[in-house]
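Structure record follows, encoded as structure tokens.
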Amino acid sequence: MKQIYKLVITGGPCAGKTTGLGKIKEEMEKEGYKVILIPETATILISSGGDLPSFGSRLNFQRNIFAMQRLLEDFYSTQVANTLPQEKVIVVFDRSLIDNRAFLTQEDYDIILKENNLSFDDVLNRYDAIFHLHTTAKGFAEFYTLENNKARTEGVDEAIAQDDRLIECYKGHDYFRMIESKINFNDKLNHLIDEIKIFLNRNND
């Protein structure tokens, strides 16, 4: 019987999500899983020229991110995952539809949900597990950088605030794990992989 797991990697700026995605693919394919990686929608949009001013308002910008994210999630977790020959498939999203909530007022986020005929529980239950990587701005500000992502503009204080908002957004999920920053970044990545393996082993028993 085919098994498809939908995992979210989230966290504040400069948390190591992109590197973490590569590590997940490398390690979990050794375990016999086919891993599909979905890049961050906002970065795709901004890097291609669709920055916030282009959309006229924060609500309209997030509305477009939400729509694009939903299309990518549905396409890869259903059509692509189900057509693959492998029986065990992991679809990993760099952020999810929940992340939009951290960048909007509750009122504006509710507008987007209503436009998409979704409740917050509908969105929360789309994903099997959430892994939140803390921004390096928390405790290791000397390693915080804007250099490795042209779409990133947050200073240290805003990075910490954003990280905290995301934690609040995801707290209601049944399987939510936090991955704290460490002096040795590989230790952080290894912690992430260990937590994913714990989740998968628990669901394969």
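We label chains A, B, ... in the order they appear in the structure tokens, count residues from 1 in each chain, and number ligands from 1 in the order shown.
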All alpha helix (DSSP H) positions in region 108-186 of chain A, as a PyMOL selection string:
chain A and resi 108-115+120-124+156-170+185-186
Which residues of region 61-163 of chain A have any atom within 6 Å of an atom in region 12-31 of chain A when counting only C-alpha atoms, and what is the closest pair of atoms for each, with the distance in Å to one decimal? Order the rows by chain and rising number and write it as a tab-separated table.
residue	atom	partner	partner_atom	distance
A:Leu133	CA	A:Ala15	CA	5.6
A:His134	CA	A:Ala15	CA	5.5
A:Thr135	CA	A:Ala15	CA	4.0
A:Thr136	CA	A:Ala15	CA	5.6
A:Ala159	CA	A:Pro13	CA	5.6
A:Gln162	CA	A:Gly12	CA	5.7
A:Asp163	CA	A:Gly12	CA	4.1
Export of prior selection with N, CA and C atoms as a PDB file, in the first residue's frame:
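Just written: selection34.pdb:
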ATOM      1  N   LEU A 133      12.457  25.059  12.445  1.00  0.00           N
ATOM      2  CA  LEU A 133      13.864  25.347  12.689  1.00  0.00           C
ATOM      3  C   LEU A 133      13.984  26.783  13.203  1.00  0.00           C
ATOM      4  N   HIS A 134      14.549  26.935  14.397  1.00  0.00           N
ATOM      5  CA  HIS A 134      14.739  28.275  14.944  1.00  0.00           C
ATOM      6  C   HIS A 134      15.713  29.079  14.086  1.00  0.00           C
ATOM      7  N   THR A 135      15.429  30.360  13.930  1.00  0.00           N
ATOM      8  CA  THR A 135      16.369  31.247  13.266  1.00  0.00           C
ATOM      9  C   THR A 135      17.676  31.317  14.060  1.00  0.00           C
ATOM     10  N   THR A 136      18.797  31.456  13.353  1.00  0.00           N
ATOM     11  CA  THR A 136      20.078  31.596  14.053  1.00  0.00           C
ATOM     12  C   THR A 136      20.148  32.911  14.831  1.00  0.00           C
ATOM     13  N   ALA A 159      13.768  39.008  12.678  1.00  0.00           N
ATOM     14  CA  ALA A 159      13.900  37.563  12.464  1.00  0.00           C
ATOM     15  C   ALA A 159      13.398  36.796  13.683  1.00  0.00           C
ATOM     16  N   GLN A 162       9.584  37.170  13.904  1.00  0.00           N
ATOM     17  CA  GLN A 162       8.944  36.330  12.892  1.00  0.00           C
ATOM     18  C   GLN A 162       8.952  34.863  13.318  1.00  0.00           C
ATOM     19  N   ASP A 163      10.082  34.423  13.864  1.00  0.00           N
ATOM     20  CA  ASP A 163      10.205  33.057  14.353  1.00  0.00           C
ATOM     21  C   ASP A 163       9.145  32.771  15.422  1.00  0.00           C
TER      22      ASP A 163
END
Between region 34-78 of chain A and region 122-128 of chain A, at 12 Å or less, what are the per-residue closest atom pairs and their distances in Å? Count only C-alpha atoms, order by chain and rising residue number, and return it as a tab-separated table.
residue	atom	partner	partner_atom	distance
A:Phe66	CA	A:Val123	CA	11.0
A:Gln69	CA	A:Val123	CA	11.8
A:Arg70	CA	A:Val123	CA	9.9
A:Glu73	CA	A:Arg126	CA	9.4
A:Asp74	CA	A:Arg126	CA	9.8
A:Ser77	CA	A:Arg126	CA	10.2
A:Thr78	CA	A:Arg126	CA	11.9
Restricting to only C-alpha atoms, whichever of A:Ala129, A:Val80, A:Val156, A:Ala102 is closest to Arg202 (chain A) is A:Ala129
Q | Counting only C-alpha atoms, the residue of A:Leu72, A:Pro39, A:Ile183, A:Cys169 that sits nearest Glu142 (chain A) | A |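 So, comparing all the options, the nearest one is A:Ile183.
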Can you pull out every residue within 9 Å of Leu192 (chain A), counting only C-alpha atoms, but drop anything in the same chain fewer than 4 positions away, and send it as a compact mmCIF listing (two decimals) with N, CA and C atoms, in the first residue's frame?
# COMPACT_ATOMS: atom_id res chain seq x y z
N GLY A 20 18.52 22.21 5.04
CA GLY A 20 17.81 21.11 5.67
C GLY A 20 17.05 20.26 4.68
N ILE A 24 17.46 16.26 4.16
CA ILE A 24 16.34 15.33 4.26
C ILE A 24 16.32 14.40 3.05
N PHE A 131 8.03 20.67 11.29
CA PHE A 131 9.34 20.79 11.94
C PHE A 131 9.80 22.24 11.82
N LEU A 133 12.46 25.06 12.45
CA LEU A 133 13.86 25.35 12.69
C LEU A 133 13.98 26.78 13.20
N MET A 178 10.15 21.40 17.44
CA MET A 178 11.06 22.52 17.25
C MET A 178 12.51 22.05 17.24
N ILE A 179 13.27 22.58 16.30
CA ILE A 179 14.68 22.24 16.15
C ILE A 179 15.49 23.49 16.48
N ASP A 187 24.92 19.62 13.78
CA ASP A 187 24.18 19.05 14.89
C ASP A 187 22.69 19.40 14.77
N LYS A 188 22.41 20.61 14.31
CA LYS A 188 21.03 21.03 14.10
C LYS A 188 20.37 20.18 13.01
N ILE A 196 12.54 13.55 12.20
CA ILE A 196 11.76 13.02 11.07
C ILE A 196 11.71 11.50 11.12
N LYS A 197 12.83 10.88 11.45
CA LYS A 197 12.86 9.42 11.56
C LYS A 197 11.94 8.93 12.67
(Q) Please report the interatomic distance between CA of Ile4 (chain A) and CA of His132 (chain A) in Å with one decimal. (A)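 The value is 20.4 Å.
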CA of Lys171 (chain A) to CA of Ile46 (chain A) measures 27.7 Å
